[in-house]
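Asks: Enclosed is the structure file data00.pdb (PDB, C-alpha atoms and all ligand atoms).
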```pdb
MODEL        1
ATOM      1  CA  MET T   1      10.104   2.151 -13.206  1.00  0.00           C
ATOM      2  CA  LYS T   2       7.467   4.599 -12.167  1.00  0.00           C
ATOM      3  CA  ALA T   3       5.996   4.701  -8.663  1.00  0.00           C
ATOM      4  CA  ILE T   4       3.261   6.664  -6.961  1.00  0.00           C
ATOM      5  CA  LEU T   5       2.340   6.825  -3.335  1.00  0.00           C
ATOM      6  CA  TYR T   6      -0.540   8.712  -1.827  1.00  0.00           C
ATOM      7  CA  VAL T   7      -2.609   9.228   1.276  1.00  0.00           C
ATOM      8  CA  SER T   8      -6.375   9.481   1.049  1.00  0.00           C
ATOM      9  CA  ARG T   9      -9.309   9.754   3.395  1.00  0.00           C
ATOM     10  CA  ALA T  10     -12.167   7.272   3.114  1.00  0.00           C
ATOM     11  CA  THR T  11     -15.533   8.941   2.526  1.00  0.00           C
ATOM     12  CA  GLU T  12     -17.397   5.878   3.790  1.00  0.00           C
ATOM     13  CA  ALA T  13     -16.760   3.135   6.331  1.00  0.00           C
ATOM     14  CA  PHE T  14     -14.748   0.208   4.986  1.00  0.00           C
ATOM     15  CA  GLY T  15     -15.561  -3.062   6.713  1.00  0.00           C
ATOM     16  CA  ASP T  16     -13.796  -6.332   5.993  1.00  0.00           C
ATOM     17  CA  GLY T  17     -16.278  -7.145   3.237  1.00  0.00           C
ATOM     18  CA  ALA T  18     -15.914  -3.876   1.347  1.00  0.00           C
ATOM     19  CA  LEU T  19     -12.128  -3.998   1.699  1.00  0.00           C
ATOM     20  CA  GLY T  20     -12.033  -7.588   0.480  1.00  0.00           C
ATOM     21  CA  ASP T  21     -14.084  -6.699  -2.617  1.00  0.00           C
ATOM     22  CA  LEU T  22     -11.919  -3.676  -3.363  1.00  0.00           C
ATOM     23  CA  LEU T  23      -8.718  -5.695  -3.062  1.00  0.00           C
ATOM     24  CA  GLN T  24      -9.988  -8.548  -5.200  1.00  0.00           C
ATOM     25  CA  GLN T  25     -10.889  -6.127  -7.983  1.00  0.00           C
ATOM     26  CA  ALA T  26      -7.652  -4.185  -7.590  1.00  0.00           C
ATOM     27  CA  GLU T  27      -5.516  -7.318  -7.682  1.00  0.00           C
ATOM     28  CA  ALA T  28      -7.123  -8.544 -10.893  1.00  0.00           C
ATOM     29  CA  ARG T  29      -6.730  -5.232 -12.711  1.00  0.00           C
ATOM     30  CA  ASN T  30      -3.204  -4.631 -11.434  1.00  0.00           C
ATOM     31  CA  LEU T  31      -2.184  -8.065 -12.682  1.00  0.00           C
ATOM     32  CA  GLU T  32      -3.471  -7.108 -16.145  1.00  0.00           C
ATOM     33  CA  LEU T  33      -1.739  -3.718 -16.036  1.00  0.00           C
ATOM     34  CA  GLY T  34       1.547  -5.004 -14.616  1.00  0.00           C
ATOM     35  CA  VAL T  35       1.137  -2.909 -11.489  1.00  0.00           C
ATOM     36  CA  THR T  36       2.424  -4.085  -8.099  1.00  0.00           C
ATOM     37  CA  GLY T  37       2.320  -2.578  -4.621  1.00  0.00           C
ATOM     38  CA  TYR T  38       0.434  -2.503  -1.368  1.00  0.00           C
ATOM     39  CA  LEU T  39      -2.501  -0.833   0.328  1.00  0.00           C
ATOM     40  CA  PHE T  40      -2.513   0.179   3.959  1.00  0.00           C
ATOM     41  CA  TYR T  41      -5.747   1.084   5.703  1.00  0.00           C
ATOM     42  CA  LYS T  42      -6.279   2.513   9.099  1.00  0.00           C
ATOM     43  CA  ALA T  43      -9.606   4.330   9.303  1.00  0.00           C
ATOM     44  CA  PRO T  44     -10.116   6.860   7.959  1.00  0.00           C
ATOM     45  CA  TYR T  45      -6.863   6.827   5.969  1.00  0.00           C
ATOM     46  CA  PHE T  46      -5.602   4.823   3.049  1.00  0.00           C
ATOM     47  CA  PHE T  47      -1.958   4.762   2.089  1.00  0.00           C
ATOM     48  CA  GLN T  48      -1.087   3.092  -1.176  1.00  0.00           C
ATOM     49  CA  TYR T  49       2.098   2.420  -3.087  1.00  0.00           C
ATOM     50  CA  ILE T  50       1.881   1.418  -6.754  1.00  0.00           C
ATOM     51  CA  GLU T  51       4.684   0.775  -9.258  1.00  0.00           C
ATOM     52  CA  SER T  52       4.909  -0.163 -12.952  1.00  0.00           C
ATOM     53  CA  GLU T  53       7.490  -0.367 -15.728  1.00  0.00           C
ATOM     54  CA  GLY T  54       5.732   2.184 -17.932  1.00  0.00           C
ATOM     55  CA  ASP T  55       3.052   4.819 -17.416  1.00  0.00           C
ATOM     56  CA  GLU T  56       0.494   2.315 -16.125  1.00  0.00           C
ATOM     57  CA  VAL T  57       0.537   3.736 -12.595  1.00  0.00           C
ATOM     58  CA  THR T  58      -0.339   7.191 -13.909  1.00  0.00           C
ATOM     59  CA  GLU T  59      -3.335   5.769 -15.753  1.00  0.00           C
ATOM     60  CA  LEU T  60      -4.384   3.763 -12.699  1.00  0.00           C
ATOM     61  CA  MET T  61      -3.957   6.757 -10.431  1.00  0.00           C
ATOM     62  CA  GLN T  62      -6.505   8.633 -12.556  1.00  0.00           C
ATOM     63  CA  SER T  63      -9.054   5.873 -11.868  1.00  0.00           C
ATOM     64  CA  ILE T  64      -8.188   5.814  -8.184  1.00  0.00           C
ATOM     65  CA  THR T  65      -8.512   9.598  -7.899  1.00  0.00           C
ATOM     66  CA  ARG T  66     -11.955   9.509  -9.560  1.00  0.00           C
ATOM     67  CA  ASP T  67     -13.173   6.928  -7.029  1.00  0.00           C
ATOM     68  CA  SER T  68     -15.688   8.664  -4.729  1.00  0.00           C
ATOM     69  CA  ARG T  69     -15.172   6.178  -1.905  1.00  0.00           C
ATOM     70  CA  HIS T  70     -12.169   8.246  -0.851  1.00  0.00           C
ATOM     71  CA  GLU T  71     -10.489  11.626  -1.357  1.00  0.00           C
ATOM     72  CA  VAL T  72      -6.833  11.760  -2.251  1.00  0.00           C
ATOM     73  CA  ILE T  73      -5.074  14.252   0.036  1.00  0.00           C
ATOM     74  CA  ASN T  74      -1.495  14.129  -1.210  1.00  0.00           C
ATOM     75  CA  GLN T  75       0.462  12.118  -3.739  1.00  0.00           C
ATOM     76  CA  VAL T  76       4.091  11.843  -4.778  1.00  0.00           C
ATOM     77  CA  GLU T  77       5.645  10.323  -7.863  1.00  0.00           C
ATOM     78  CA  ASP T  78       9.049   8.811  -8.337  1.00  0.00           C
ATOM     79  CA  GLU T  79      10.993   7.293 -11.201  1.00  0.00           C
ATOM     80  CA  PHE T  80      13.725   4.786 -10.581  1.00  0.00           C
ATOM     81  CA  THR T  81      15.799   2.252 -12.470  1.00  0.00           C
ATOM     82  CA  GLY T  82      16.097  -1.369 -11.535  1.00  0.00           C
ATOM     83  CA  ALA T  83      13.778  -3.921 -10.071  1.00  0.00           C
ATOM     84  CA  ARG T  84      10.315  -3.591  -8.605  1.00  0.00           C
ATOM     85  CA  ARG T  85      10.114  -3.156  -4.863  1.00  0.00           C
ATOM     86  CA  PHE T  86       7.164  -5.575  -4.612  1.00  0.00           C
ATOM     87  CA  PRO T  87       7.488  -8.060  -7.489  1.00  0.00           C
ATOM     88  CA  ARG T  88       5.136 -10.596  -5.891  1.00  0.00           C
ATOM     89  CA  TRP T  89       2.386  -8.279  -4.655  1.00  0.00           C
ATOM     90  CA  SER T  90      -0.318  -7.417  -7.194  1.00  0.00           C
ATOM     91  CA  MET T  91      -1.968  -5.552  -4.350  1.00  0.00           C
ATOM     92  CA  GLN T  92      -1.080  -6.658  -0.870  1.00  0.00           C
ATOM     93  CA  PHE T  93      -3.196  -5.491   2.024  1.00  0.00           C
ATOM     94  CA  VAL T  94      -1.254  -4.299   5.031  1.00  0.00           C
ATOM     95  CA  ASN T  95      -2.686  -3.174   8.362  1.00  0.00           C
ATOM     96  CA  ASP T  96      -1.025  -1.879  11.465  1.00  0.00           C
ATOM     97  CA  LYS T  97      -0.990  -5.289  13.130  1.00  0.00           C
ATOM     98  CA  VAL T  98       1.328  -6.404  10.356  1.00  0.00           C
ATOM     99  CA  LEU T  99       3.322  -3.178  10.364  1.00  0.00           C
ATOM    100  CA  ASN T 100       3.925  -3.373  14.094  1.00  0.00           C
ATOM    101  CA  ARG T 101       6.257  -6.242  13.366  1.00  0.00           C
ATOM    102  CA  ILE T 102       8.508  -3.809  11.516  1.00  0.00           C
ATOM    103  CA  SER T 103       9.708  -1.309  14.023  1.00  0.00           C
ATOM    104  CA  LEU T 104       9.468   2.386  13.302  1.00  0.00           C
ATOM    105  CA  GLU T 105      12.927   2.809  14.771  1.00  0.00           C
ATOM    106  CA  GLN T 106      14.321   0.554  12.040  1.00  0.00           C
ATOM    107  CA  ILE T 107      13.159   3.149   9.522  1.00  0.00           C
ATOM    108  CA  VAL T 108      15.085   5.851  11.361  1.00  0.00           C
ATOM    109  CA  ILE T 109      18.171   3.605  11.571  1.00  0.00           C
ATOM    110  CA  ASP T 110      18.001   2.772   7.847  1.00  0.00           C
ATOM    111  CA  ASP T 111      17.703   6.453   7.008  1.00  0.00           C
ATOM    112  CA  LEU T 112      20.612   7.529   9.184  1.00  0.00           C
ATOM    113  CA  LEU T 113      22.793   4.699   7.831  1.00  0.00           C
ATOM    114  CA  SER T 114      22.179   5.759   4.235  1.00  0.00           C
ATOM    115  CA  MET T 115      22.696   9.424   4.989  1.00  0.00           C
ATOM    116  CA  THR T 116      25.356  11.164   2.950  1.00  0.00           C
ATOM    117  CA  ASP T 117      26.939  14.545   3.595  1.00  0.00           C
ATOM    118  CA  VAL T 118      24.755  16.058   0.905  1.00  0.00           C
ATOM    119  CA  TYR T 119      21.561  14.930   2.561  1.00  0.00           C
ATOM    120  CA  ARG T 120      22.517  15.700   6.127  1.00  0.00           C
ATOM    121  CA  ASP T 121      21.793  19.392   5.707  1.00  0.00           C
ATOM    122  CA  GLU T 122      18.760  18.947   3.534  1.00  0.00           C
ATOM    123  CA  GLY T 123      15.848  20.510   5.362  1.00  0.00           C
ATOM    124  CA  ARG T 124      13.125  18.227   4.140  1.00  0.00           C
ATOM    125  CA  TRP T 125      15.029  15.058   4.902  1.00  0.00           C
ATOM    126  CA  ARG T 126      15.743  16.264   8.414  1.00  0.00           C
ATOM    127  CA  GLN T 127      12.114  17.184   8.815  1.00  0.00           C
ATOM    128  CA  THR T 128      11.034  13.651   7.841  1.00  0.00           C
ATOM    129  CA  LEU T 129      13.360  12.080  10.377  1.00  0.00           C
ATOM    130  CA  PHE T 130      12.200  14.316  13.189  1.00  0.00           C
ATOM    131  CA  GLN T 131       8.617  13.701  12.156  1.00  0.00           C
ATOM    132  CA  LEU T 132       9.224   9.996  12.782  1.00  0.00           C
ATOM    133  CA  VAL T 133      10.628  10.761  16.203  1.00  0.00           C
ATOM    134  CA  GLY T 134       7.590  12.979  16.752  1.00  0.00           C
ATOM    135  CA  THR T 135       5.317  10.041  15.929  1.00  0.00           C
ATOM    136  CA  ILE T 136       7.098   7.931  18.518  1.00  0.00           C
ATOM    137  CA  SER T 137       6.814  10.779  20.989  1.00  0.00           C
ATOM    138  CA  ARG T 138       3.053  11.039  20.484  1.00  0.00           C
ATOM    139  CA  ASN T 139       2.767   7.312  21.150  1.00  0.00           C
ATOM    140  CA  GLN T 140       4.746   7.256  24.368  1.00  0.00           C
ATOM    141  CA  GLN T 141       1.753   6.126  26.372  1.00  0.00           C
ATOM    142  CA  THR T 142       1.141   3.127  24.108  1.00  0.00           C
ATOM    143  CA  LEU T 143       4.812   2.235  23.858  1.00  0.00           C
ATOM    144  CA  ALA T 144       5.368   2.426  27.594  1.00  0.00           C
ATOM    145  CA  SER T 145       2.604  -0.099  28.199  1.00  0.00           C
ATOM    146  CA  GLN T 146       4.241  -2.726  25.989  1.00  0.00           C
ATOM    147  CA  PRO T 147       6.115  -5.493  27.777  1.00  0.00           C
ATOM    148  CA  ARG T 148       9.900  -5.085  27.641  1.00  0.00           C
ATOM    149  CA  GLY T 149      11.542  -7.365  25.101  1.00  0.00           C
TER     150      GLY T 149
HETATM  151  C1  LIG B   1      -8.157   3.140  -1.613  1.00  0.00           C
HETATM  152  C2  LIG B   1      -8.406   2.579  -2.958  1.00  0.00           C
HETATM  153  C3  LIG B   1      -7.390   1.895  -3.617  1.00  0.00           C
HETATM  154  C4  LIG B   1      -7.591   1.349  -4.866  1.00  0.00           C
HETATM  155  N1  LIG B   1      -6.589   0.671  -5.484  1.00  0.00           N
HETATM  156  C5  LIG B   1      -6.792   0.121  -6.707  1.00  0.00           C
HETATM  157  C6  LIG B   1      -5.744  -0.593  -7.359  1.00  0.00           C
HETATM  158  O1  LIG B   1      -4.639  -0.760  -6.863  1.00  0.00           O
HETATM  159  N2  LIG B   1      -6.035  -1.117  -8.577  1.00  0.00           N
HETATM  160  C7  LIG B   1      -7.246  -0.984  -9.181  1.00  0.00           C
HETATM  161  O2  LIG B   1      -7.435  -1.479 -10.282  1.00  0.00           O
HETATM  162  N3  LIG B   1      -8.226  -0.315  -8.584  1.00  0.00           N
HETATM  163  C8  LIG B   1      -8.046   0.228  -7.358  1.00  0.00           C
HETATM  164  N4  LIG B   1      -9.068   0.908  -6.741  1.00  0.00           N
HETATM  165  C9  LIG B   1     -10.357   1.005  -7.451  1.00  0.00           C
HETATM  166  C10 LIG B   1     -10.308   2.147  -8.455  1.00  0.00           C
HETATM  167  O3  LIG B   1     -10.425   3.364  -7.764  1.00  0.00           O
HETATM  168  C11 LIG B   1     -11.431   2.027  -9.492  1.00  0.00           C
HETATM  169  O4  LIG B   1     -12.644   1.856  -8.864  1.00  0.00           O
HETATM  170  C12 LIG B   1     -11.231   0.859 -10.440  1.00  0.00           C
HETATM  171  O5  LIG B   1      -9.915   0.833 -10.898  1.00  0.00           O
HETATM  172  C13 LIG B   1     -12.149   1.005 -11.668  1.00  0.00           C
HETATM  173  O6  LIG B   1     -11.815   2.202 -12.312  1.00  0.00           O
HETATM  174  P1  LIG B   1     -12.655   2.844 -13.509  1.00  0.00           P
HETATM  175  O7  LIG B   1     -13.984   3.174 -12.923  1.00  0.00           O
HETATM  176  O8  LIG B   1     -11.884   4.056 -13.923  1.00  0.00           O
HETATM  177  O9  LIG B   1     -12.709   1.778 -14.553  1.00  0.00           O
HETATM  178  C14 LIG B   1      -8.859   1.472  -5.486  1.00  0.00           C
HETATM  179  C15 LIG B   1      -9.874   2.181  -4.831  1.00  0.00           C
HETATM  180  C16 LIG B   1      -9.661   2.723  -3.574  1.00  0.00           C
HETATM  181  C17 LIG B   1     -10.769   3.446  -2.878  1.00  0.00           C
ENDMDL
END
```
Will you turn the file into structure tokens for me?
Replies:
Amino acid sequence: MKAILYVSRATEAFGDGALGDLLQQAEARNLELGVTGYLFYKAPYFFQYIESEGDEVTELMQSITRDSRHEVINQVEDEFTGARRFPRWSMQFVNDKVLNRISLEQIVIDDLLSMTDVYRDEGRWRQTLFQLVGTISRNQQTLASQPRG
């Protein structure tokens, strides 16, 4: 399997209508290509994950990069064996209301649980983890105003 994820900045405002049109078109083409994944949008940023069995994501990424409605800032590619991560999502839209139901802390816990001795001292991995904690730190105000569970 081949996967690509990227962050981009929208060059125009995306209302519900424009997003709906984009997703409808994306879903149809992804279904044809055998691409699955999800699209997150929180103005002005898009975050998208796409995966395919062959090189389809690379081809699609070329189209996406050419699209003047946004500018791709950074992208990473990965190859892995086994099953798709999102077999049932041709292109699922995700916003932060949905993501709030998955706690950020769970990501940190998952990461620390899967940590091996090799990774523990890996600078970039450590940096990612502390970046997550940094995100929580920057949101202290918001988090403190949530009712206690
Ligand atoms: C943020 C964003 C995500 C997109 N995701 C997809 C996608 O998953 N699949 C897709 O077919 N097109 C997607 N598009 C649209 C493509 O960029 C492009 O317009 C469409 O594939 C037609 O490409 P073409 O002009 O090269 O034929 C996306 C566009 C944007 C702005």
Asks: When the cut-off is 8 Å and you count only C-alpha atoms and all ligand atoms, which residues lie near ligand LIG 1 (chain B), shown as a PyMOL selection string?
Replies: chain T and resi 8+10+22-23+25-30+35-39+41+46-48+50+60-70+90-91
Asks: Looking at T:Tyr45, T:Trp125, T:Phe14, T:Phe86, which one is nearest to T:Ile73, with distances taken over only C-alpha atoms?
Replies: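 Among the listed residues, the smallest separation from T:Ile73 belongs to T:Tyr45.
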Asks: Using all atoms of stretch 65-76 of chain T listed in the file and a margin of 4 Å per side, can you give the axis-aligned box centre and edge lengths in Å to one decimal, as lines of an AutoDock Vina configuration file?
Replies:
```
center_x = -5.8
center_y = 10.2
center_z = -4.8
size_x = 27.8
size_y = 16.1
size_z = 17.6
```
Asks: Find the residues near T:Gln75: any atom within 7 Å, counting all atoms listed in the file, skip ones fewer than 3 places away on the same chain, and give them as a PDB file with C-alpha atoms, in the coordinates of the input.
Replies:
```
ATOM      1  CA  ILE T   4       3.261   6.664  -6.961  1.00  0.00           C
ATOM      2  CA  LEU T   5       2.340   6.825  -3.335  1.00  0.00           C
ATOM      3  CA  TYR T   6      -0.540   8.712  -1.827  1.00  0.00           C
ATOM      4  CA  VAL T   7      -2.609   9.228   1.276  1.00  0.00           C
TER       5      VAL T   7
END
```
Asks: With the PyMOL selection byres (((chain T and resi 104-114) around 8) and not hetatm) as the selection, what would be picked from this file? Answer as a ChimeraX atom specification, please.
Replies: /T:102-103,115-116,129,132,136
Asks: Measure the distance from atom CA of T:Gln24 to atom CA of T:Thr81 in Å and round it to one decimal.
Replies: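 Pair atom CA of T:Gln24 / atom CA of T:Thr81 returns 28.9 Å.
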Asks: To one decimal place, how far is atom CA of T:Asp55 from atom CA of T:Lys2 in Å?
Replies: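 Taking atom CA of T:Asp55 as the start and atom CA of T:Lys2 as the end point, the length is 6.9 Å.
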Asks: Suppose you want the space between atom CA of T:Val57 and atom CA of T:Arg9; what is it in Å?
Replies: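 Going from atom CA of T:Val57 over to atom CA of T:Arg9, I get 19.7 Å.
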Asks: Which is closest to T:Val72 among T:Thr135, T:Pro44, T:Glu122, T:Gly15, if we use all atoms listed in the file?
Replies: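 The answer is T:Pro44, which sits nearest to T:Val72.
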Asks: Evaluating the PyMOL selection byres (((chain T and resi 80) around 10) and not hetatm) on the displayed file yields which residues, as a PyMOL selection string?
Replies: chain T and resi 1-3+51+53+78-79+81-84
Asks: Go through T:Lys42, T:Thr142, T:Arg126, T:Val76 and flag the residue nearest T:Asp96, using all atoms listed in the file for the distances.
Replies: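 Smallest distance to T:Asp96 is found for T:Lys42.
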Asks: Counting only C-alpha atoms, which residue out of T:Leu19, T:Glu56, T:Thr11, T:Gln127 sits closest to T:Leu33?
Replies: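 The closest residue to T:Leu33 is T:Glu56.
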Asks: Which residue, T:Gln140, T:Asn95, T:Glu77, T:Glu12, has the smallest gap to T:Thr58 when you use all atoms listed in the file?
Replies: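 Counting all atoms listed in the file, the residue closest to T:Thr58 is T:Glu77.
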